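Colleague: Input: one structure, supplied below.
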Amino acid sequence: MGKTIIISNRLPVQLQINNGGINAVPSVGGLATGMKSVHSGSESLWIGWSGLTDEDIPAELEGDIDKALKKNGCAKVSLNAEEIDGFYYGFSNRTVWPLFHYFLEYSEFELNFWNVYKSVNQKFADAIIENSGEDDTIWVHDYQLMLVPQMVREKRPNTTIGFFLHIPFPSYEIFRTLPWREEILEGLLGSDLIGFHTYDYERHFLSSVRRLLGLEVSFNDVFMDNRVIKVDSFPMGIDYKKFKNAASSHKLENSEERSDLQMRLDSHKASAPDTKLILSIDRLDYSKGIAKRLNAFEYFLNKYPEYKEKVRLIILAVPSRSNVPQYQLLKKEIDELVGRINGEFSTVNWTPIWYFYRSMPFENLIDLYTNSDIAWLTPLRDGMNLVAKEYIATRTDKTGVLILSEMAGSAYEMNEALLINPNNFEEQADTLQKAINMPVEEQISRNTFLQNRLERYNVEVWANEFMNALNQKRELGHAFISQ
Ligand code: ADP
Ligand code: G6P
């Protein structure tokens with residue numbers, strides 16, 4: 001058997017040009033952070049977009065770009081600004097992302113976006129053919145590349161292809177509104193194995209396949225031409241040890257090198273030892289429910305005024321897809337909400353919300369996770385939400401309370417968290433009050449279950465289960481054809 005080729009739009013590193021040189025910075029987002037752990041421990045090649053358009057790259061830096069990527073086990077698909085507009089900002093993030101997250105009103109059905117999406121998917125498929133042999137196993141990731149499996153299959157009918165979707169697959173009633181719904185399904189069905197985070201996403205996909213393509217579906221097998229395509233759910237885990245170890249060594253390091261952020265957190269603790277820190281970390285995305293969370297926080301402060309000066313909400317929002325109008329509007333909305341709530345409730349000694357709009361180094365994420373009494377994550381829809389898992393993994397003394405939206409894929413595996421409906425402010429205010437007052441023994445008991453599960457079903461196990469199912473499928477698939 002050959003090597004594994006991972007293919008996704010976003011690579012584990014993003015290249016930037018700084019002072020005439022190339023800088024590689026880690027990518028943010030569940031796909032990149034999760035798959036990075038799988039990739040670094042293997043011989044795989046990861047193909048994707050470098051983060052720079054052709055227009056950004058001076059000819060003399062071409063070689064350096066390839067070298068920087070090679071150092072990280074990656075190879076690039078070159079894309080120009082027009083392609084990024086139509087494919088990434090366009091079809092991927094103005095059509096599919098909102099639709100698959102049930103934001104129908106944000107979803108734009110533009111023929112031009114679709115045409116660019118097709119041609120860029122063909123570029124990715126060509127890059128796979130160019131960089132792989134017949135025996136290699138191809139693992140395609142996420143909604144930006146849903147046509148790739150079929151495009152590779154056309155040229156390499158016997159290659160083993162897996163596809164994993166990192167976002168929700170919506171119900172048939174939502175999916176059917178997409179003008180190019182059949183093409184998307186056929187693109188995905190070029191795979192041998194299609195994986196989703198949850199059983200519900202799998203079920204929605206199979207229902208669309210049956211109803212829109214009229215294909216035979218038996219249990220979780222789809223029969224198409226002379227092939228059987230397996231569809232299954234594989235909830236993605238995290239690199240549990242990495243987060244646990246970082247949190248343990250972080251404690252030891254505290255007495256020596258402290259980050260600025262850690263110093264600020266220390267001085268917060270010293271000046272207000274009884275104040276609870278409530279943390280939320282997300283990309284700045286409307287699917288994450290950040291605006292509703294802020295409204296719910298305001299509702300909480302009005303309903304339970306005794307917690308004024310006793311809680312602080314830290315909002316860390318990472319800039320994301322800032323060329324898409326909905327993201328620009330959201331940024332403005334959140335800036336205003338934070339300003340309004342802070343203006344309304346601040347006292348001489350207390351600012352209720354600390355708001356950071358930036359990406360942060362890994363060490364600072366650990367600072368935040370380990371110093372926060374509560375993590376409050378309220379996506380309106382989320383394929384998985386790895387931040388919830390990362391918070392729990394860093395709680396080395398097993399204290400801490402996770403409040404998690406039931407609309408996140410991770411809620412299916414995290415029953416011991418306090419699960420909430422992000423649209424219900426009353427419930428959220430009461431849940432915050434419960435979290436603030438949760439006895440330490442209860443926190444430890446809940447987190448013990450959560451940690452054991454996360455440690456067992458970590459990202460390595462997730463990747464192995466997917467790859468084992470794909471390899472099994474290869475054998476079974478061939479048996480079916482020869483019958
Ligand atoms: P999504 O994939 O939609 O962005 P997830 O919660 O699944 O949501 O994954 C987000 C990933 O990005 C996590 O692994 C998290 O550690 C990382 N991340 C989130 N915020 C930041 C930040 N400010 N700086 C660096 N990494 C971040
Ligand atoms: C989600 C998607 C990923 C994407 C990430 C960050 O996790 O499932 O495919 O890479 O968000 O978004 P971006 O648009 O910056 O790649």
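If you're wondering about the labels, chains in the structure tokens are A, B, ... by order shown, residues count from 1 in each chain, ligands from 1 in order shown.
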Throw together the list of residues within 7 Å of ligand 2, counting only C-alpha atoms and all ligand atoms, and drop it here as a CSV table (one decimal) with N, CA and C atoms, in the first residue's frame.
Modeller:
```
chain,number,residue,atom,x,y,z
A,9,ASN,N,-8.6,22.6,1.5
A,9,ASN,CA,-8.3,23.9,1.1
A,9,ASN,C,-7.3,24.6,2.0
A,10,ARG,N,-7.5,24.5,3.3
A,10,ARG,CA,-6.6,25.1,4.3
A,10,ARG,C,-5.6,24.2,4.7
A,28,VAL,N,-5.9,28.5,11.9
A,28,VAL,CA,-6.9,28.3,12.9
A,28,VAL,C,-8.1,27.6,12.3
A,29,GLY,N,-8.8,26.9,13.1
A,29,GLY,CA,-10.0,26.1,12.6
A,29,GLY,C,-9.8,24.6,12.9
A,30,GLY,N,-10.9,24.0,13.2
A,30,GLY,CA,-10.9,22.6,13.6
A,30,GLY,C,-10.2,21.6,12.7
A,31,LEU,N,-10.5,21.8,11.3
A,31,LEU,CA,-9.8,20.9,10.4
A,31,LEU,C,-8.3,20.9,10.5
A,32,ALA,N,-7.8,22.2,10.4
A,32,ALA,CA,-6.3,22.3,10.4
A,32,ALA,C,-5.7,21.9,11.8
A,142,ASP,N,-13.6,18.3,3.6
A,142,ASP,CA,-14.5,19.5,3.8
A,142,ASP,C,-15.2,20.0,2.6
A,143,TYR,N,-16.1,21.0,2.9
A,143,TYR,CA,-17.1,21.5,2.0
A,143,TYR,C,-16.5,22.3,0.8
A,166,HIS,N,-16.4,18.3,7.6
A,166,HIS,CA,-16.1,18.9,9.0
A,166,HIS,C,-17.3,19.8,9.4
A,167,ILE,N,-18.2,20.0,8.6
A,167,ILE,CA,-19.4,20.9,9.0
A,167,ILE,C,-20.6,20.0,9.0
A,320,SER,N,-12.0,36.1,10.7
A,320,SER,CA,-12.2,35.0,9.8
A,320,SER,C,-13.0,35.5,8.6
A,321,ARG,N,-12.6,35.1,7.4
A,321,ARG,CA,-13.3,35.4,6.1
A,321,ARG,C,-13.8,36.8,6.0
```
Colleague: How would you write, as an mmCIF file with C-alpha atoms, in the first residue's frame, the set of residues in range 70-299 of chain A that DSSP gives as strand (DSSP E or B)?
Modeller:
```cif
data_model
loop_
_atom_site.group_PDB
_atom_site.id
_atom_site.type_symbol
_atom_site.label_atom_id
_atom_site.label_comp_id
_atom_site.auth_asym_id
_atom_site.auth_seq_id
_atom_site.Cartn_x
_atom_site.Cartn_y
_atom_site.Cartn_z
ATOM 1 C CA CYS A 74 2.843 20.059 2.305
ATOM 2 C CA ALA A 75 2.467 20.886 -1.379
ATOM 3 C CA LYS A 76 0.452 23.754 -2.796
ATOM 4 C CA THR A 137 -4.902 6.495 -0.425
ATOM 5 C CA ILE A 138 -6.577 9.852 -0.954
ATOM 6 C CA TRP A 139 -8.291 11.593 1.960
ATOM 7 C CA VAL A 140 -10.271 14.681 0.885
ATOM 8 C CA HIS A 141 -11.534 17.152 3.491
ATOM 9 C CA THR A 160 -9.126 4.453 -2.764
ATOM 10 C CA ILE A 161 -10.750 7.764 -1.839
ATOM 11 C CA GLY A 162 -12.120 8.878 1.506
ATOM 12 C CA PHE A 163 -14.007 12.107 2.180
ATOM 13 C CA PHE A 164 -14.690 13.745 5.538
ATOM 14 C CA LEU A 193 -16.089 6.157 2.268
ATOM 15 C CA ILE A 194 -17.831 9.370 3.325
ATOM 16 C CA GLY A 195 -17.494 10.397 6.973
ATOM 17 C CA PHE A 196 -19.471 12.846 9.109
ATOM 18 C CA GLU A 216 -30.535 2.405 -3.559
ATOM 19 C CA VAL A 217 -29.421 2.854 0.044
ATOM 20 C CA SER A 218 -29.176 -0.121 2.330
ATOM 21 C CA ASP A 221 -24.277 1.627 1.984
ATOM 22 C CA VAL A 222 -25.087 3.525 -1.193
ATOM 23 C CA PHE A 223 -25.204 1.529 -4.448
ATOM 24 C CA MET A 224 -24.109 3.487 -7.488
ATOM 25 C CA ARG A 227 -19.749 0.504 -6.694
ATOM 26 C CA VAL A 228 -20.777 0.502 -3.043
ATOM 27 C CA ILE A 229 -20.081 3.703 -1.130
ATOM 28 C CA LYS A 230 -19.969 3.477 2.645
ATOM 29 C CA VAL A 231 -21.285 6.353 4.749
ATOM 30 C CA ASP A 232 -20.550 6.528 8.461
ATOM 31 C CA SER A 233 -20.076 8.834 11.416
ATOM 32 C CA LYS A 276 -15.390 34.069 38.107
ATOM 33 C CA LEU A 277 -13.882 34.104 34.632
ATOM 34 C CA ILE A 278 -16.181 32.944 31.860
ATOM 35 C CA LEU A 279 -14.451 32.175 28.575
ATOM 36 C CA SER A 280 -15.566 31.876 25.005
ATOM 37 C CA ILE A 281 -13.288 31.266 22.025
ATOM 38 C CA ASP A 282 -14.471 31.148 18.430
ATOM 39 C CA ARG A 283 -13.658 32.272 14.928
#
```
Colleague: What is the CA of Asp430 in chain A to CA of Asn447 in chain A distance in Å?
Modeller: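 Separation of CA of Asp430 in chain A and CA of Asn447 in chain A: 20.4 Å.
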Colleague: Which value, in Å to one decimal, gives the distance between CA of Val120 in chain A and CA of Ser27 in chain A?
Modeller: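 The value is 20.8 Å.
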Colleague: Just want the residues within 7 Å of ligand 1, written as a compact mmCIF listing (two decimals) with C-alpha atoms, in the first residue's frame, counting only C-alpha atoms and all ligand atoms.
Modeller:
```
# COMPACT_ATOMS: atom_id res chain seq x y z
CA VAL A 28 -6.91 28.33 12.93
CA GLY A 29 -9.99 26.10 12.62
CA GLY A 30 -10.92 22.59 13.61
CA LEU A 31 -9.85 20.91 10.37
CA THR A 33 -5.70 21.97 14.18
CA GLY A 34 -7.12 18.43 14.31
CA ILE A 281 -13.29 31.27 22.02
CA ASP A 282 -14.47 31.15 18.43
CA ARG A 283 -13.66 32.27 14.93
CA LEU A 316 -11.69 35.76 22.09
CA ALA A 317 -12.79 36.06 18.48
CA VAL A 318 -10.42 35.15 15.66
CA ARG A 358 -7.17 38.40 17.02
CA SER A 359 -5.52 35.04 16.64
CA MET A 360 -3.38 33.99 19.61
CA PRO A 361 -0.38 31.72 19.99
CA PHE A 362 -1.04 28.28 21.42
CA LEU A 365 -4.93 29.73 24.42
CA ASP A 382 -21.46 23.76 14.58
CA MET A 384 -18.21 19.62 15.97
CA ASN A 385 -16.64 22.44 18.10
CA LEU A 386 -13.21 21.36 19.23
CA VAL A 387 -12.80 24.31 21.62
CA ALA A 388 -15.22 22.57 24.01
CA GLU A 390 -9.79 21.49 24.36
```
Colleague: Please compute the CA of His197 in chain A-CA of Asn323 in chain A distance, one decimal, in Å.
Modeller: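 Atom-to-atom, CA of His197 in chain A to CA of Asn323 in chain A, that is 28.1 Å.
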Colleague: Excluding Asp85 in chain A and its own-chain neighbours fewer than 4 positions away, which residues fall within 10 Å of it when counting only C-alpha atoms? Please give them as a PDB file with N, CA and C atoms, in the first residue's frame.
Modeller:
```pdb
ATOM      1  N   LEU A  79      -3.586  29.404  -6.484  1.00  0.00           N
ATOM      2  CA  LEU A  79      -4.869  30.010  -6.848  1.00  0.00           C
ATOM      3  C   LEU A  79      -4.696  31.509  -7.015  1.00  0.00           C
ATOM      4  N   ASN A  80      -5.342  32.071  -8.044  1.00  0.00           N
ATOM      5  CA  ASN A  80      -5.240  33.518  -8.209  1.00  0.00           C
ATOM      6  C   ASN A  80      -6.398  34.213  -7.489  1.00  0.00           C
ATOM      7  N   ALA A  81      -6.326  35.551  -7.445  1.00  0.00           N
ATOM      8  CA  ALA A  81      -7.294  36.313  -6.646  1.00  0.00           C
ATOM      9  C   ALA A  81      -8.722  36.076  -7.120  1.00  0.00           C
ATOM     10  N   TYR A  89     -14.235  32.786  -1.101  1.00  0.00           N
ATOM     11  CA  TYR A  89     -15.179  33.748  -0.535  1.00  0.00           C
ATOM     12  C   TYR A  89     -16.576  33.543  -1.126  1.00  0.00           C
ATOM     13  N   GLY A  90     -16.618  33.042  -2.368  1.00  0.00           N
ATOM     14  CA  GLY A  90     -17.896  32.883  -3.064  1.00  0.00           C
ATOM     15  C   GLY A  90     -18.625  31.592  -2.696  1.00  0.00           C
ATOM     16  N   PHE A  91     -18.479  30.583  -3.559  1.00  0.00           N
ATOM     17  CA  PHE A  91     -19.320  29.386  -3.387  1.00  0.00           C
ATOM     18  C   PHE A  91     -19.131  28.714  -2.024  1.00  0.00           C
ATOM     19  N   SER A  92     -17.866  28.612  -1.559  1.00  0.00           N
ATOM     20  CA  SER A  92     -17.634  27.920  -0.283  1.00  0.00           C
ATOM     21  C   SER A  92     -18.269  28.663   0.884  1.00  0.00           C
ATOM     22  N   ASN A  93     -18.019  29.994   0.935  1.00  0.00           N
ATOM     23  CA  ASN A  93     -18.395  30.712   2.151  1.00  0.00           C
ATOM     24  C   ASN A  93     -19.571  31.673   2.016  1.00  0.00           C
ATOM     25  N   PHE A 113     -20.123  31.885  -9.014  1.00  0.00           N
ATOM     26  CA  PHE A 113     -19.458  31.211  -7.886  1.00  0.00           C
ATOM     27  C   PHE A 113     -19.338  29.716  -8.183  1.00  0.00           C
ATOM     28  N   VAL A 116     -16.691  28.825 -10.803  1.00  0.00           N
ATOM     29  CA  VAL A 116     -15.313  28.906 -10.295  1.00  0.00           C
ATOM     30  C   VAL A 116     -15.055  27.745  -9.323  1.00  0.00           C
ATOM     31  N   TYR A 117     -16.068  27.422  -8.517  1.00  0.00           N
ATOM     32  CA  TYR A 117     -15.922  26.295  -7.571  1.00  0.00           C
ATOM     33  C   TYR A 117     -15.564  25.020  -8.345  1.00  0.00           C
ATOM     34  N   ASN A 323     -13.548  39.132   3.987  1.00  0.00           N
ATOM     35  CA  ASN A 323     -14.046  39.727   2.738  1.00  0.00           C
ATOM     36  C   ASN A 323     -15.522  39.426   2.501  1.00  0.00           C
ATOM     37  N   VAL A 324     -16.104  38.561   3.323  1.00  0.00           N
ATOM     38  CA  VAL A 324     -17.519  38.210   3.131  1.00  0.00           C
ATOM     39  C   VAL A 324     -18.370  39.222   3.900  1.00  0.00           C
TER      40      VAL A 324
END
```
Colleague: Near Glu173 in chain A, counting only C-alpha atoms, which residues have an atom at most 12 Å away, once you skip same-chain residues fewer than 6 positions from it, shown as a ChimeraX atom specification?
Modeller: /A:99-100,102,104,181,204-205,207-208,211-212
